[in-house]
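Engineer: Submitted below is the structure of interest, expressed as structure tokens.
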Amino acid sequence: MKICFCPIRLDTAFRLHRVGDVLTINGQDFDFSELPEGATLPRAAIACDWLASDVERRDGVICLALMLPIGPGAPEALRFPVPLILSEDGPVDLTFKGGSDD
């Protein structure tokens with residue numbers, strides 16, 4: 001699974017968990033296992049306020065973008081996060097280490 005992020009100034013808890021093609025966002029499951037190779041699921045077809053893009057399956061990988069709530073004075077690594085490539089199941093680490101402001 002490849003997740004890109006669009007930072008947004010918002011003081012809200014944000015938790016992600018992944019198991020296979022199922023992404024859990026703040027306790028709500030989104031199952032993309034039925035999305036065939038090369039297909040695109042429009043953002044409008046998914047009831048998720050955190051979703052910032054359509055969802056695609058490319059080369060067997062689910063690709064999507066999510067809003068990323070950040071606080072005031074967020075470090076550069078959060079303001080300009082790199083995409084995450086998730087290969088393991090479990091909680092998603094959103095600490096975004098890197099950059100000079102960490």
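Within each chain, counting starts at residue 1; across the structure tokens, chains are named A, B, ... in the order shown, with ligands numbered 1 upward in that order.
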If we count only C-alpha atoms, what is near Gly90 in chain A at a cut-off of 10 Å, once residues fewer than 2 positions away on the same chain are taken out, given as number ranges by chain?
Structural biologist: A: 16-20, 23-24, 86-88, 92-93
Engineer: Hey, what's within 12 Å of Ile25 in chain A if we count only C-alpha atoms and toss same-chain stuff fewer than 6 positions away? As a list in words, please?
Structural biologist: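 Once the adjacent positions are removed, what remains is Ala13, Phe14, Arg15, Leu16, His17, Arg18, Val19, Asp31, Ala47, Cys48, Asp49, Trp50, Leu51, Leu66, Met67, Leu68, Pro91 and Val92 of chain A.
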Engineer: Those selected residues, please, written with N, CA and C atoms and delivered as a tab-separated table (two decimals), in the first residue's frame.
Structural biologist:
chain	number	residue	atom	x	y	z
A	13	ALA	N	-7.15	13.91	16.39
A	13	ALA	CA	-6.43	12.64	16.45
A	13	ALA	C	-6.52	11.94	15.10
A	14	PHE	N	-5.46	11.26	14.73
A	14	PHE	CA	-5.42	10.57	13.44
A	14	PHE	C	-4.63	9.29	13.62
A	15	ARG	N	-5.31	8.15	13.45
A	15	ARG	CA	-4.67	6.85	13.61
A	15	ARG	C	-4.94	6.00	12.38
A	16	LEU	N	-3.90	5.33	11.92
A	16	LEU	CA	-4.02	4.43	10.78
A	16	LEU	C	-3.52	3.05	11.17
A	17	HIS	N	-4.19	2.05	10.60
A	17	HIS	CA	-3.80	0.66	10.81
A	17	HIS	C	-4.04	-0.06	9.49
A	18	ARG	N	-3.13	-0.93	9.12
A	18	ARG	CA	-3.26	-1.64	7.85
A	18	ARG	C	-3.17	-3.14	8.07
A	19	VAL	N	-4.07	-3.88	7.42
A	19	VAL	CA	-4.00	-5.33	7.34
A	19	VAL	C	-4.31	-5.69	5.88
A	31	ASP	N	-12.00	-1.41	3.03
A	31	ASP	CA	-11.49	-2.64	2.43
A	31	ASP	C	-11.37	-2.46	0.92
A	47	ALA	N	-17.05	6.91	1.46
A	47	ALA	CA	-17.51	7.80	2.54
A	47	ALA	C	-16.40	7.97	3.57
A	48	CYS	N	-15.42	8.82	3.22
A	48	CYS	CA	-14.29	9.04	4.12
A	48	CYS	C	-13.80	10.48	3.95
A	49	ASP	N	-13.97	11.27	5.00
A	49	ASP	CA	-13.54	12.67	4.95
A	49	ASP	C	-12.02	12.82	4.88
A	50	TRP	N	-11.27	11.79	5.28
A	50	TRP	CA	-9.81	11.86	5.29
A	50	TRP	C	-9.20	11.59	3.92
A	51	LEU	N	-9.97	11.00	3.02
A	51	LEU	CA	-9.45	10.63	1.71
A	51	LEU	C	-9.29	11.88	0.84
A	66	LEU	N	-4.19	10.73	1.65
A	66	LEU	CA	-5.00	11.07	2.81
A	66	LEU	C	-4.66	12.46	3.32
A	67	MET	N	-5.64	13.13	3.90
A	67	MET	CA	-5.38	14.35	4.65
A	67	MET	C	-4.56	13.97	5.87
A	68	LEU	N	-3.64	14.83	6.27
A	68	LEU	CA	-2.81	14.59	7.45
A	68	LEU	C	-2.95	15.80	8.37
A	91	PRO	N	-0.16	-1.11	13.03
A	91	PRO	CA	-0.32	0.34	13.13
A	91	PRO	C	0.67	1.04	12.19
A	92	VAL	N	0.24	2.17	11.63
A	92	VAL	CA	1.08	2.94	10.73
A	92	VAL	C	1.78	4.03	11.52
Engineer: What is the distance between CA of Pro7 in chain A and CA of Pro69 in chain A, in Å to one decimal?
Structural biologist: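 Pair CA of Pro7 in chain A / CA of Pro69 in chain A returns 5.9 Å.
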Engineer: Could you go through chain A and tell me which residues DSSP, when run on the backbone, assigns to strand (DSSP E or B), listing them as an NGL selection string?
Structural biologist: :A and (2-9 or 16-19 or 22-25 or 28-31 or 40-41 or 51 or 55-58 or 61-70 or 84-85 or 90-91)
Engineer: Using only C-alpha atoms for the distances, tell me which of A:Glu34, A:Asp29, A:Asp21, A:Asp54 is nearest to Asp89 in chain A.
Structural biologist: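 Result for the nearest residue to Asp89 in chain A: A:Asp21.
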